[in-house]
Every structure is written in structure tokens, then in C-alpha cells.
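What's in run_31.cif: mmCIF, N, CA and C atoms
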```cif
data_query
#
loop_
_atom_site.label_atom_id
_atom_site.label_comp_id
_atom_site.auth_asym_id
_atom_site.auth_seq_id
_atom_site.Cartn_x
_atom_site.Cartn_y
_atom_site.Cartn_z
N MET A 186 -8.65 -6.71 52.74
CA MET A 186 -8.81 -6.14 51.41
C MET A 186 -7.43 -5.68 50.89
N SER A 187 -7.22 -5.88 49.67
CA SER A 187 -5.96 -5.51 49.05
C SER A 187 -6.09 -4.13 48.41
N ASP A 188 -5.01 -3.37 48.49
CA ASP A 188 -5.00 -2.04 47.87
C ASP A 188 -4.58 -2.11 46.41
N GLN A 189 -4.26 -3.30 45.93
CA GLN A 189 -3.81 -3.43 44.55
C GLN A 189 -4.98 -3.25 43.59
N ASN A 190 -4.70 -2.59 42.49
CA ASN A 190 -5.70 -2.39 41.44
C ASN A 190 -5.76 -3.65 40.58
N PRO A 191 -6.91 -4.34 40.51
CA PRO A 191 -6.99 -5.57 39.74
C PRO A 191 -6.81 -5.35 38.24
N VAL A 192 -6.98 -4.14 37.78
CA VAL A 192 -6.82 -3.83 36.36
C VAL A 192 -5.64 -2.87 36.20
N ALA A 193 -4.52 -3.26 36.76
CA ALA A 193 -3.33 -2.40 36.68
C ALA A 193 -2.84 -2.35 35.24
N PRO A 194 -2.46 -1.18 34.78
CA PRO A 194 -2.00 -1.07 33.39
C PRO A 194 -0.66 -1.78 33.20
N ILE A 195 -0.51 -2.39 32.04
CA ILE A 195 0.74 -3.06 31.67
C ILE A 195 1.59 -2.03 30.95
N ALA A 196 2.82 -1.86 31.39
CA ALA A 196 3.72 -0.88 30.77
C ALA A 196 3.90 -1.21 29.30
N GLY A 197 3.61 -0.25 28.45
CA GLY A 197 3.80 -0.40 27.02
C GLY A 197 2.58 -0.92 26.27
N ARG A 198 1.52 -1.26 26.98
CA ARG A 198 0.34 -1.83 26.32
C ARG A 198 -0.28 -0.85 25.33
N ASP A 199 -0.41 0.42 25.72
CA ASP A 199 -1.01 1.41 24.82
C ASP A 199 -0.19 1.57 23.54
N GLY A 200 1.13 1.58 23.68
CA GLY A 200 1.99 1.68 22.51
C GLY A 200 1.87 0.48 21.61
N ALA A 201 1.75 -0.70 22.20
CA ALA A 201 1.60 -1.93 21.41
C ALA A 201 0.26 -1.93 20.67
N VAL A 202 -0.80 -1.48 21.35
CA VAL A 202 -2.12 -1.39 20.70
C VAL A 202 -2.05 -0.40 19.54
N LEU A 203 -1.44 0.76 19.78
CA LEU A 203 -1.33 1.78 18.74
C LEU A 203 -0.54 1.25 17.54
N ALA A 204 0.56 0.55 17.80
CA ALA A 204 1.37 0.02 16.70
C ALA A 204 0.58 -0.99 15.87
N TRP A 205 -0.19 -1.88 16.53
CA TRP A 205 -1.01 -2.83 15.78
C TRP A 205 -2.03 -2.09 14.91
N ILE A 206 -2.66 -1.06 15.47
CA ILE A 206 -3.66 -0.30 14.70
C ILE A 206 -3.01 0.37 13.49
N LEU A 207 -1.85 0.95 13.68
CA LEU A 207 -1.14 1.59 12.57
C LEU A 207 -0.73 0.56 11.51
N TYR A 208 -0.33 -0.62 11.94
CA TYR A 208 -0.01 -1.69 10.99
C TYR A 208 -1.25 -2.05 10.18
N ILE A 209 -2.39 -2.15 10.85
CA ILE A 209 -3.64 -2.50 10.16
C ILE A 209 -3.99 -1.45 9.11
N LEU A 210 -3.69 -0.20 9.41
CA LEU A 210 -4.01 0.89 8.48
C LEU A 210 -2.94 1.10 7.41
N SER A 211 -2.00 0.18 7.30
CA SER A 211 -0.91 0.36 6.34
C SER A 211 -1.40 0.35 4.89
N ILE A 212 -2.33 -0.52 4.55
CA ILE A 212 -2.79 -0.59 3.16
C ILE A 212 -3.52 0.68 2.75
N PRO A 213 -4.50 1.16 3.53
CA PRO A 213 -5.16 2.39 3.09
C PRO A 213 -4.26 3.63 3.13
N SER A 214 -3.15 3.55 3.86
CA SER A 214 -2.26 4.72 3.94
C SER A 214 -1.07 4.60 3.00
N ALA A 215 -1.11 3.66 2.09
CA ALA A 215 0.01 3.42 1.15
C ALA A 215 1.30 3.15 1.92
N ASN A 216 1.19 2.41 3.00
CA ASN A 216 2.30 1.97 3.85
C ASN A 216 3.00 3.09 4.61
N VAL A 217 2.43 4.27 4.66
CA VAL A 217 3.03 5.35 5.45
C VAL A 217 2.85 5.07 6.94
N LEU A 218 1.66 4.64 7.33
CA LEU A 218 1.38 4.43 8.75
C LEU A 218 2.11 3.23 9.32
N VAL A 219 2.51 2.28 8.47
CA VAL A 219 3.27 1.15 8.99
C VAL A 219 4.63 1.64 9.49
N LEU A 220 5.19 2.64 8.85
CA LEU A 220 6.46 3.20 9.32
C LEU A 220 6.28 3.91 10.65
N VAL A 221 5.17 4.62 10.80
CA VAL A 221 4.87 5.27 12.07
C VAL A 221 4.67 4.20 13.15
N GLY A 222 3.98 3.11 12.80
CA GLY A 222 3.79 2.00 13.73
C GLY A 222 5.11 1.38 14.16
N LEU A 223 6.04 1.26 13.22
CA LEU A 223 7.36 0.71 13.55
C LEU A 223 8.09 1.63 14.53
N VAL A 224 8.01 2.93 14.31
CA VAL A 224 8.64 3.90 15.22
C VAL A 224 8.01 3.79 16.60
N VAL A 225 6.68 3.69 16.66
CA VAL A 225 5.99 3.54 17.94
C VAL A 225 6.47 2.26 18.64
N ALA A 226 6.59 1.17 17.88
CA ALA A 226 7.05 -0.10 18.46
C ALA A 226 8.46 0.04 19.03
N TYR A 227 9.35 0.69 18.28
CA TYR A 227 10.71 0.86 18.77
C TYR A 227 10.76 1.77 20.00
N ILE A 228 9.94 2.81 20.02
CA ILE A 228 9.90 3.70 21.19
C ILE A 228 9.34 2.95 22.41
N THR A 229 8.31 2.15 22.18
CA THR A 229 7.66 1.41 23.26
C THR A 229 8.53 0.27 23.76
N ARG A 230 9.39 -0.24 22.93
CA ARG A 230 10.23 -1.40 23.25
C ARG A 230 11.00 -1.22 24.56
N GLY A 231 11.50 -0.03 24.80
CA GLY A 231 12.31 0.21 25.99
C GLY A 231 11.55 0.15 27.30
N SER A 232 10.28 0.48 27.27
CA SER A 232 9.51 0.53 28.52
C SER A 232 8.48 -0.58 28.65
N ALA A 233 8.24 -1.33 27.62
CA ALA A 233 7.21 -2.37 27.65
C ALA A 233 7.65 -3.53 28.52
N THR A 234 6.68 -4.11 29.23
CA THR A 234 6.96 -5.27 30.07
C THR A 234 5.93 -6.36 29.78
N GLY A 235 6.29 -7.57 30.14
CA GLY A 235 5.36 -8.69 30.06
C GLY A 235 4.79 -8.92 28.67
N LEU A 236 3.48 -9.05 28.64
CA LEU A 236 2.77 -9.33 27.40
C LEU A 236 2.97 -8.23 26.36
N ALA A 237 2.96 -6.98 26.81
CA ALA A 237 3.15 -5.86 25.87
C ALA A 237 4.53 -5.95 25.21
N ALA A 238 5.54 -6.31 25.97
CA ALA A 238 6.89 -6.44 25.41
C ALA A 238 6.93 -7.54 24.35
N GLN A 239 6.23 -8.63 24.61
CA GLN A 239 6.18 -9.72 23.64
C GLN A 239 5.51 -9.27 22.35
N HIS A 240 4.45 -8.48 22.46
CA HIS A 240 3.76 -7.98 21.27
C HIS A 240 4.63 -6.98 20.51
N VAL A 241 5.33 -6.13 21.23
CA VAL A 241 6.21 -5.16 20.57
C VAL A 241 7.30 -5.89 19.79
N GLU A 242 7.88 -6.91 20.40
CA GLU A 242 8.91 -7.70 19.68
C GLU A 242 8.31 -8.37 18.46
N ALA A 243 7.09 -8.89 18.58
CA ALA A 243 6.41 -9.52 17.45
C ALA A 243 6.15 -8.50 16.34
N GLN A 244 5.80 -7.28 16.71
CA GLN A 244 5.54 -6.23 15.72
C GLN A 244 6.80 -5.89 14.95
N ILE A 245 7.90 -5.75 15.66
CA ILE A 245 9.17 -5.40 15.01
C ILE A 245 9.61 -6.54 14.09
N LYS A 246 9.50 -7.77 14.58
CA LYS A 246 9.88 -8.93 13.77
C LYS A 246 8.99 -9.05 12.54
N LEU A 247 7.68 -8.84 12.71
CA LEU A 247 6.75 -8.90 11.58
C LEU A 247 7.11 -7.86 10.52
N PHE A 248 7.38 -6.63 10.95
CA PHE A 248 7.72 -5.59 9.98
C PHE A 248 8.94 -5.98 9.16
N TRP A 249 10.03 -6.37 9.84
CA TRP A 249 11.27 -6.64 9.12
C TRP A 249 11.16 -7.87 8.24
N SER A 250 10.43 -8.88 8.67
CA SER A 250 10.28 -10.05 7.81
C SER A 250 9.49 -9.69 6.55
N VAL A 251 8.42 -8.93 6.70
CA VAL A 251 7.63 -8.53 5.53
C VAL A 251 8.42 -7.55 4.66
N PHE A 252 9.19 -6.68 5.28
CA PHE A 252 10.01 -5.73 4.52
C PHE A 252 10.96 -6.48 3.58
N TRP A 253 11.70 -7.47 4.12
CA TRP A 253 12.69 -8.16 3.29
C TRP A 253 12.04 -9.04 2.24
N VAL A 254 10.95 -9.70 2.58
CA VAL A 254 10.24 -10.50 1.57
C VAL A 254 9.73 -9.59 0.45
N SER A 255 9.16 -8.45 0.83
CA SER A 255 8.64 -7.50 -0.17
C SER A 255 9.76 -6.93 -1.03
N ALA A 256 10.90 -6.63 -0.42
CA ALA A 256 12.03 -6.10 -1.18
C ALA A 256 12.50 -7.10 -2.23
N ILE A 257 12.59 -8.36 -1.84
CA ILE A 257 12.99 -9.39 -2.79
C ILE A 257 11.96 -9.53 -3.91
N LEU A 258 10.68 -9.51 -3.54
CA LEU A 258 9.63 -9.61 -4.56
C LEU A 258 9.66 -8.42 -5.52
N TRP A 259 9.93 -7.22 -5.01
CA TRP A 259 10.00 -6.05 -5.89
C TRP A 259 11.17 -6.16 -6.87
N VAL A 260 12.28 -6.71 -6.42
CA VAL A 260 13.41 -6.94 -7.33
C VAL A 260 13.00 -7.93 -8.42
N LEU A 261 12.31 -9.00 -8.01
CA LEU A 261 11.85 -9.99 -8.99
C LEU A 261 10.81 -9.40 -9.94
N VAL A 262 9.97 -8.50 -9.45
CA VAL A 262 9.00 -7.81 -10.32
C VAL A 262 9.76 -6.98 -11.35
N ALA A 263 10.78 -6.26 -10.91
CA ALA A 263 11.55 -5.43 -11.84
C ALA A 263 12.24 -6.28 -12.91
N ILE A 264 12.83 -7.38 -12.49
CA ILE A 264 13.49 -8.27 -13.46
C ILE A 264 12.46 -8.85 -14.43
N SER A 265 11.31 -9.23 -13.91
CA SER A 265 10.25 -9.77 -14.76
C SER A 265 9.72 -8.72 -15.73
N ALA A 266 9.65 -7.48 -15.27
CA ALA A 266 9.17 -6.40 -16.15
C ALA A 266 10.12 -6.22 -17.33
N VAL A 267 11.42 -6.27 -17.06
CA VAL A 267 12.40 -6.16 -18.15
C VAL A 267 12.28 -7.37 -19.07
N ALA A 268 12.13 -8.55 -18.49
CA ALA A 268 12.01 -9.76 -19.30
C ALA A 268 10.70 -9.79 -20.09
N SER A 269 9.73 -9.03 -19.66
CA SER A 269 8.45 -8.97 -20.37
C SER A 269 8.59 -8.39 -21.76
N ALA A 270 9.62 -7.62 -21.98
CA ALA A 270 9.87 -7.08 -23.32
C ALA A 270 10.09 -8.22 -24.31
N PHE A 271 10.52 -9.36 -23.79
CA PHE A 271 10.74 -10.54 -24.64
C PHE A 271 9.61 -11.55 -24.46
N LEU A 272 8.53 -11.14 -23.80
CA LEU A 272 7.34 -11.94 -23.53
C LEU A 272 7.57 -13.10 -22.54
N ILE A 273 8.81 -13.35 -22.20
CA ILE A 273 9.10 -14.45 -21.29
C ILE A 273 8.78 -14.09 -19.83
N GLY A 274 8.79 -12.81 -19.50
CA GLY A 274 8.64 -12.40 -18.11
C GLY A 274 7.21 -12.15 -17.67
N ILE A 275 6.26 -12.15 -18.60
CA ILE A 275 4.88 -11.81 -18.25
C ILE A 275 4.30 -12.74 -17.18
N PRO A 276 4.43 -14.07 -17.32
CA PRO A 276 3.86 -14.92 -16.26
C PRO A 276 4.53 -14.69 -14.90
N PHE A 277 5.84 -14.43 -14.93
CA PHE A 277 6.55 -14.18 -13.68
C PHE A 277 6.15 -12.84 -13.07
N LEU A 278 5.93 -11.86 -13.92
CA LEU A 278 5.47 -10.55 -13.46
C LEU A 278 4.13 -10.70 -12.74
N LEU A 279 3.22 -11.45 -13.33
CA LEU A 279 1.92 -11.69 -12.70
C LEU A 279 2.08 -12.48 -11.40
N LEU A 280 2.92 -13.48 -11.39
CA LEU A 280 3.13 -14.30 -10.20
C LEU A 280 3.70 -13.46 -9.05
N PHE A 281 4.75 -12.69 -9.32
CA PHE A 281 5.37 -11.91 -8.26
C PHE A 281 4.46 -10.78 -7.79
N GLY A 282 3.69 -10.21 -8.71
CA GLY A 282 2.71 -9.20 -8.31
C GLY A 282 1.65 -9.79 -7.39
N LEU A 283 1.19 -11.00 -7.71
CA LEU A 283 0.22 -11.69 -6.87
C LEU A 283 0.82 -12.00 -5.50
N LEU A 284 2.06 -12.44 -5.48
CA LEU A 284 2.72 -12.72 -4.20
C LEU A 284 2.85 -11.46 -3.34
N LEU A 285 3.13 -10.32 -3.97
CA LEU A 285 3.18 -9.05 -3.22
C LEU A 285 1.82 -8.74 -2.60
N LEU A 286 0.76 -8.95 -3.36
CA LEU A 286 -0.59 -8.73 -2.83
C LEU A 286 -0.86 -9.66 -1.65
N LEU A 287 -0.50 -10.93 -1.79
CA LEU A 287 -0.72 -11.89 -0.72
C LEU A 287 0.09 -11.55 0.53
N VAL A 288 1.31 -11.05 0.36
CA VAL A 288 2.12 -10.65 1.52
C VAL A 288 1.45 -9.47 2.23
N SER A 289 0.90 -8.52 1.48
CA SER A 289 0.21 -7.38 2.08
C SER A 289 -1.03 -7.83 2.85
N ILE A 290 -1.78 -8.74 2.25
CA ILE A 290 -2.97 -9.26 2.93
C ILE A 290 -2.57 -10.03 4.19
N TRP A 291 -1.54 -10.86 4.08
CA TRP A 291 -1.06 -11.62 5.23
C TRP A 291 -0.61 -10.69 6.36
N PHE A 292 0.11 -9.63 6.02
CA PHE A 292 0.57 -8.66 7.01
C PHE A 292 -0.62 -8.04 7.74
N THR A 293 -1.64 -7.67 7.00
CA THR A 293 -2.82 -7.05 7.60
C THR A 293 -3.57 -8.04 8.49
N VAL A 294 -3.76 -9.26 8.00
CA VAL A 294 -4.45 -10.28 8.81
C VAL A 294 -3.66 -10.58 10.07
N LYS A 295 -2.35 -10.73 9.95
CA LYS A 295 -1.50 -10.99 11.12
C LYS A 295 -1.59 -9.83 12.11
N SER A 296 -1.68 -8.61 11.62
CA SER A 296 -1.81 -7.45 12.49
C SER A 296 -3.15 -7.43 13.22
N VAL A 297 -4.22 -7.76 12.51
CA VAL A 297 -5.54 -7.83 13.15
C VAL A 297 -5.55 -8.91 14.23
N LEU A 298 -4.99 -10.07 13.91
CA LEU A 298 -4.93 -11.15 14.90
C LEU A 298 -4.06 -10.76 16.09
N GLY A 299 -2.98 -10.03 15.84
CA GLY A 299 -2.12 -9.56 16.93
C GLY A 299 -2.85 -8.58 17.83
N LEU A 300 -3.59 -7.65 17.24
CA LEU A 300 -4.36 -6.69 18.03
C LEU A 300 -5.42 -7.40 18.86
N LEU A 301 -6.14 -8.33 18.25
CA LEU A 301 -7.17 -9.08 19.00
C LEU A 301 -6.54 -9.88 20.13
N ALA A 302 -5.39 -10.47 19.88
CA ALA A 302 -4.70 -11.24 20.93
C ALA A 302 -4.31 -10.33 22.09
N LEU A 303 -3.76 -9.16 21.77
CA LEU A 303 -3.35 -8.22 22.82
C LEU A 303 -4.56 -7.74 23.63
N LEU A 304 -5.63 -7.44 22.95
CA LEU A 304 -6.84 -6.96 23.64
C LEU A 304 -7.45 -8.05 24.52
N ASN A 305 -7.18 -9.32 24.19
CA ASN A 305 -7.66 -10.44 24.98
C ASN A 305 -6.58 -11.00 25.91
N ASP A 306 -5.50 -10.24 26.09
CA ASP A 306 -4.40 -10.62 26.98
C ASP A 306 -3.79 -11.98 26.63
N ARG A 307 -3.57 -12.18 25.32
CA ARG A 307 -2.91 -13.39 24.83
C ARG A 307 -1.65 -13.00 24.08
N PRO A 308 -0.68 -13.89 24.00
CA PRO A 308 0.53 -13.58 23.23
C PRO A 308 0.23 -13.47 21.74
N ALA A 309 1.09 -12.77 21.03
CA ALA A 309 0.90 -12.57 19.59
C ALA A 309 1.14 -13.83 18.81
#
```
Can you give me the file's structure in the form of C-alpha cells?
Amino acid sequence: MSDQNPVAPIAGRDGAVLAWILYILSIPSANVLVLVGLVVAYITRGSATGLAAQHVEAQIKLFWSVFWVSAILWVLVAISAVASAFLIGIPFLLLFGLLLLLVSIWFTVKSVLGLLALLNDRPA
């Protein structure tokens, strides 16, 4: 008989699960909890191993990619809003606003899929 625990905890798994949950709650929290989730991911990064480490890296990468895409879209929204004074920017304002909504939905769906993958011991 082996003394090893067949359900040994993976270092950093709890932090990775918590970060995914906080990411999922970003929309209802007006993106406040996504920042907390990012901090949790960065704190967990140093001690996470194996699958948990892969999820933490995926969380950090997901945040920064969505951050930069959203920042660019917000700049385009602002430019379109100014151009709307001349009626030329209204379609672009609607387009970029829709793209921002789609990025938020994509972020949430990706976070749910990441959490489910982690809970099923699969990579993100």
C-alpha cells in the first residue's frame, strides 16, 4: 500500500480557481473584481505548479490582452463620439461600442471555460 494521497493538492490550484471566479464576476462588479483576480493570479504565480501554473499564466495573459484591446476600443469610441458631432462618427460609435460589449462577453465566456477546464484537470 502506498502512503501517497491520491488526491494531493496542486500548489496554486485554489488561487487559480479564485482568480477565474473573480474574472467571471467582473461584469456584475463593474470590472472591480477582475483587478482583484489579477492580483490573486500574480500572487499565486510564484507558488503555482503544473496545471495550476498554466492556468495562472493563461489568466494573466487573458487580462492583458483584453485590457489592451479594450483600451484601443475606448480610444476609438472617444474619437467616434467627437466625430458624431458631424454625424459621421455615429455608425463607428455604435460599432466600437458593440465590439466593447463583445469583448466583455468573450472575456466572461473564456473565464467560465477556464474555470471548468481547471475543475476538470484540463489545461486552459
Fill in the blank from the handout: A straight line from CA of Ile257 in chain A to atom C of Phe281 in chain A spans 10.0 Å
Handout entry: Evaluate the PyMOL selection byres ((chain A and resi 241) around 8) and report residues as a ChimeraX atom specification
Key = /A:197,200-202,225-227,229-230,233,235-240,242-247,309
Handout entry: Nearest to Ile264 in chain A, chosen from A:Leu301, A:Val224, A:Ile209, A:Leu278, with all atoms listed in the file counted in the distances
Key =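 Smallest separation from Ile264 in chain A among the options: A:Leu278.
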Exercise for the section: Determine the residue set returned by the PyMOL selection byres ((chain A and resi 286-298) around 7) for the present structure, and present it as a ChimeraX atom specification. Expected result: /A:205-206,208-209,281-285,299-303,309
Practice task
Do a neighbour search on Leu207 in chain A at 8 Å with all atoms listed in the file, toss out local chain neighbours closer than 4 positions, and write the hits as a PyMOL selection string.
Solution key: chain A and resi 201-203+211-212+217-223
Completion exercise
note - CA of Phe248 in chain A and atom C of Ala204 in chain A are separated by 10.3 Å
Problem - Residues flagged alpha helix (DSSP H) by DSSP in chain A, as a PyMOL selection string - result: chain A and resi 198-209+217-230+235-268+275-304
Handout entry: Test item: the PyMOL selection byres (((chain A and resi 261 and name CA) around 10) and name CA) resolved as a list in words
Key =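 Listing what the PyMOL selection byres (((chain A and resi 261 and name CA) around 10) and name CA) selects in the shown file: Ser255, Ala256, Ile257, Leu258, Trp259, Val260, Val262, Ala263, Ile264, Ser265, Ala266, Val267, Gly274, Phe277, Leu278, Leu280, Phe281 and Gly282 of chain A.
With only N, CA and C atoms as the basis for measurement, A:Ile195 is the residue among A:Ala215, A:Leu210, A:Ile195, A:Ala268 that approaches Ser232 in chain A most closely.
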Handout entry: Interatomic distance, atom N of Asp199 in chain A to atom N of Asn305 in chain A (Å, one decimal)
Key =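 Between atom N of Asp199 in chain A and atom N of Asn305 in chain A the gap is 12.0 Å.
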Where atoms are missing, can you supply all heavy atoms for range 197-208 of chain A and output the lot as a PDB file, in the coordinates of the input?
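So the final result, stored in result.pdb, reads:
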```
ATOM      1  N   GLY A 197       3.610  -0.250  28.450  1.00  0.00           N
ATOM      2  CA  GLY A 197       3.800  -0.400  27.020  1.00  0.00           C
ATOM      3  C   GLY A 197       2.580  -0.920  26.270  1.00  0.00           C
ATOM      4  O   GLY A 197       2.603  -1.021  25.050  1.00  0.00           O
ATOM      5  N   ARG A 198       1.520  -1.260  26.980  1.00  0.00           N
ATOM      6  CA  ARG A 198       0.340  -1.830  26.320  1.00  0.00           C
ATOM      7  C   ARG A 198      -0.280  -0.850  25.330  1.00  0.00           C
ATOM      8  O   ARG A 198      -0.643  -1.232  24.216  1.00  0.00           O
ATOM      9  CB  ARG A 198      -0.697  -2.255  27.352  1.00  0.00           C
ATOM     10  CG  ARG A 198      -1.871  -3.004  26.740  1.00  0.00           C
ATOM     11  CD  ARG A 198      -2.788  -3.560  27.840  1.00  0.00           C
ATOM     12  NE  ARG A 198      -3.710  -4.557  27.352  1.00  0.00           N
ATOM     13  CZ  ARG A 198      -4.891  -4.275  26.812  1.00  0.00           C
ATOM     14  NH1 ARG A 198      -5.277  -3.028  26.684  1.00  0.00           N
ATOM     15  NH2 ARG A 198      -5.684  -5.237  26.388  1.00  0.00           N
ATOM     16  N   ASP A 199      -0.410   0.420  25.720  1.00  0.00           N
ATOM     17  CA  ASP A 199      -1.010   1.410  24.820  1.00  0.00           C
ATOM     18  C   ASP A 199      -0.190   1.570  23.540  1.00  0.00           C
ATOM     19  O   ASP A 199      -0.736   1.671  22.447  1.00  0.00           O
ATOM     20  CB  ASP A 199      -1.170   2.764  25.519  1.00  0.00           C
ATOM     21  CG  ASP A 199      -2.194   2.730  26.638  1.00  0.00           C
ATOM     22  OD1 ASP A 199      -3.032   1.804  26.652  1.00  0.00           O
ATOM     23  OD2 ASP A 199      -2.154   3.619  27.504  1.00  0.00           O
ATOM     24  N   GLY A 200       1.130   1.580  23.680  1.00  0.00           N
ATOM     25  CA  GLY A 200       1.990   1.680  22.510  1.00  0.00           C
ATOM     26  C   GLY A 200       1.870   0.480  21.610  1.00  0.00           C
ATOM     27  O   GLY A 200       1.846   0.603  20.378  1.00  0.00           O
ATOM     28  N   ALA A 201       1.750  -0.700  22.200  1.00  0.00           N
ATOM     29  CA  ALA A 201       1.600  -1.930  21.410  1.00  0.00           C
ATOM     30  C   ALA A 201       0.260  -1.930  20.670  1.00  0.00           C
ATOM     31  O   ALA A 201       0.191  -2.302  19.503  1.00  0.00           O
ATOM     32  CB  ALA A 201       1.723  -3.158  22.314  1.00  0.00           C
ATOM     33  N   VAL A 202      -0.800  -1.480  21.350  1.00  0.00           N
ATOM     34  CA  VAL A 202      -2.120  -1.390  20.700  1.00  0.00           C
ATOM     35  C   VAL A 202      -2.050  -0.400  19.540  1.00  0.00           C
ATOM     36  O   VAL A 202      -2.523  -0.681  18.435  1.00  0.00           O
ATOM     37  CB  VAL A 202      -3.214  -0.978  21.711  1.00  0.00           C
ATOM     38  CG1 VAL A 202      -4.500  -0.591  21.000  1.00  0.00           C
ATOM     39  CG2 VAL A 202      -3.468  -2.098  22.703  1.00  0.00           C
ATOM     40  N   LEU A 203      -1.440   0.760  19.780  1.00  0.00           N
ATOM     41  CA  LEU A 203      -1.330   1.780  18.740  1.00  0.00           C
ATOM     42  C   LEU A 203      -0.540   1.250  17.540  1.00  0.00           C
ATOM     43  O   LEU A 203      -0.922   1.458  16.385  1.00  0.00           O
ATOM     44  CB  LEU A 203      -0.687   3.053  19.289  1.00  0.00           C
ATOM     45  CG  LEU A 203      -0.464   4.181  18.290  1.00  0.00           C
ATOM     46  CD1 LEU A 203      -1.786   4.636  17.670  1.00  0.00           C
ATOM     47  CD2 LEU A 203       0.254   5.345  18.957  1.00  0.00           C
ATOM     48  N   ALA A 204       0.560   0.550  17.800  1.00  0.00           N
ATOM     49  CA  ALA A 204       1.370   0.020  16.700  1.00  0.00           C
ATOM     50  C   ALA A 204       0.580  -0.990  15.870  1.00  0.00           C
ATOM     51  O   ALA A 204       0.635  -0.964  14.643  1.00  0.00           O
ATOM     52  CB  ALA A 204       2.654  -0.609  17.244  1.00  0.00           C
ATOM     53  N   TRP A 205      -0.190  -1.880  16.530  1.00  0.00           N
ATOM     54  CA  TRP A 205      -1.010  -2.830  15.780  1.00  0.00           C
ATOM     55  C   TRP A 205      -2.030  -2.090  14.910  1.00  0.00           C
ATOM     56  O   TRP A 205      -2.238  -2.449  13.751  1.00  0.00           O
ATOM     57  CB  TRP A 205      -1.743  -3.802  16.705  1.00  0.00           C
ATOM     58  CG  TRP A 205      -0.943  -4.956  17.240  1.00  0.00           C
ATOM     59  CD1 TRP A 205      -0.860  -5.338  18.548  1.00  0.00           C
ATOM     60  CD2 TRP A 205      -0.135  -5.895  16.511  1.00  0.00           C
ATOM     61  NE1 TRP A 205      -0.054  -6.442  18.669  1.00  0.00           N
ATOM     62  CE2 TRP A 205       0.398  -6.819  17.433  1.00  0.00           C
ATOM     63  CE3 TRP A 205       0.180  -6.052  15.171  1.00  0.00           C
ATOM     64  CZ2 TRP A 205       1.232  -7.874  17.065  1.00  0.00           C
ATOM     65  CZ3 TRP A 205       1.017  -7.094  14.803  1.00  0.00           C
ATOM     66  CH2 TRP A 205       1.530  -7.987  15.730  1.00  0.00           C
ATOM     67  N   ILE A 206      -2.660  -1.060  15.470  1.00  0.00           N
ATOM     68  CA  ILE A 206      -3.660  -0.300  14.700  1.00  0.00           C
ATOM     69  C   ILE A 206      -3.010   0.370  13.490  1.00  0.00           C
ATOM     70  O   ILE A 206      -3.551   0.342  12.385  1.00  0.00           O
ATOM     71  CB  ILE A 206      -4.370   0.723  15.604  1.00  0.00           C
ATOM     72  CG1 ILE A 206      -5.267  -0.007  16.614  1.00  0.00           C
ATOM     73  CG2 ILE A 206      -5.186   1.712  14.777  1.00  0.00           C
ATOM     74  CD1 ILE A 206      -5.827   0.877  17.711  1.00  0.00           C
ATOM     75  N   LEU A 207      -1.850   0.950  13.680  1.00  0.00           N
ATOM     76  CA  LEU A 207      -1.140   1.590  12.570  1.00  0.00           C
ATOM     77  C   LEU A 207      -0.730   0.560  11.510  1.00  0.00           C
ATOM     78  O   LEU A 207      -0.784   0.840  10.315  1.00  0.00           O
ATOM     79  CB  LEU A 207       0.066   2.364  13.091  1.00  0.00           C
ATOM     80  CG  LEU A 207      -0.272   3.597  13.930  1.00  0.00           C
ATOM     81  CD1 LEU A 207       0.964   4.128  14.625  1.00  0.00           C
ATOM     82  CD2 LEU A 207      -0.918   4.679  13.074  1.00  0.00           C
ATOM     83  N   TYR A 208      -0.330  -0.620  11.940  1.00  0.00           N
ATOM     84  CA  TYR A 208      -0.010  -1.690  10.990  1.00  0.00           C
ATOM     85  C   TYR A 208      -1.250  -2.050  10.180  1.00  0.00           C
ATOM     86  O   TYR A 208      -1.163  -2.248   8.973  1.00  0.00           O
ATOM     87  CB  TYR A 208       0.497  -2.924  11.730  1.00  0.00           C
ATOM     88  CG  TYR A 208       1.962  -2.913  12.103  1.00  0.00           C
ATOM     89  CD1 TYR A 208       2.711  -1.747  12.141  1.00  0.00           C
ATOM     90  CD2 TYR A 208       2.606  -4.090  12.439  1.00  0.00           C
ATOM     91  CE1 TYR A 208       4.043  -1.759  12.489  1.00  0.00           C
ATOM     92  CE2 TYR A 208       3.942  -4.117  12.788  1.00  0.00           C
ATOM     93  CZ  TYR A 208       4.661  -2.950  12.813  1.00  0.00           C
ATOM     94  OH  TYR A 208       5.983  -2.964  13.151  1.00  0.00           O
TER      95      TYR A 208
END
```
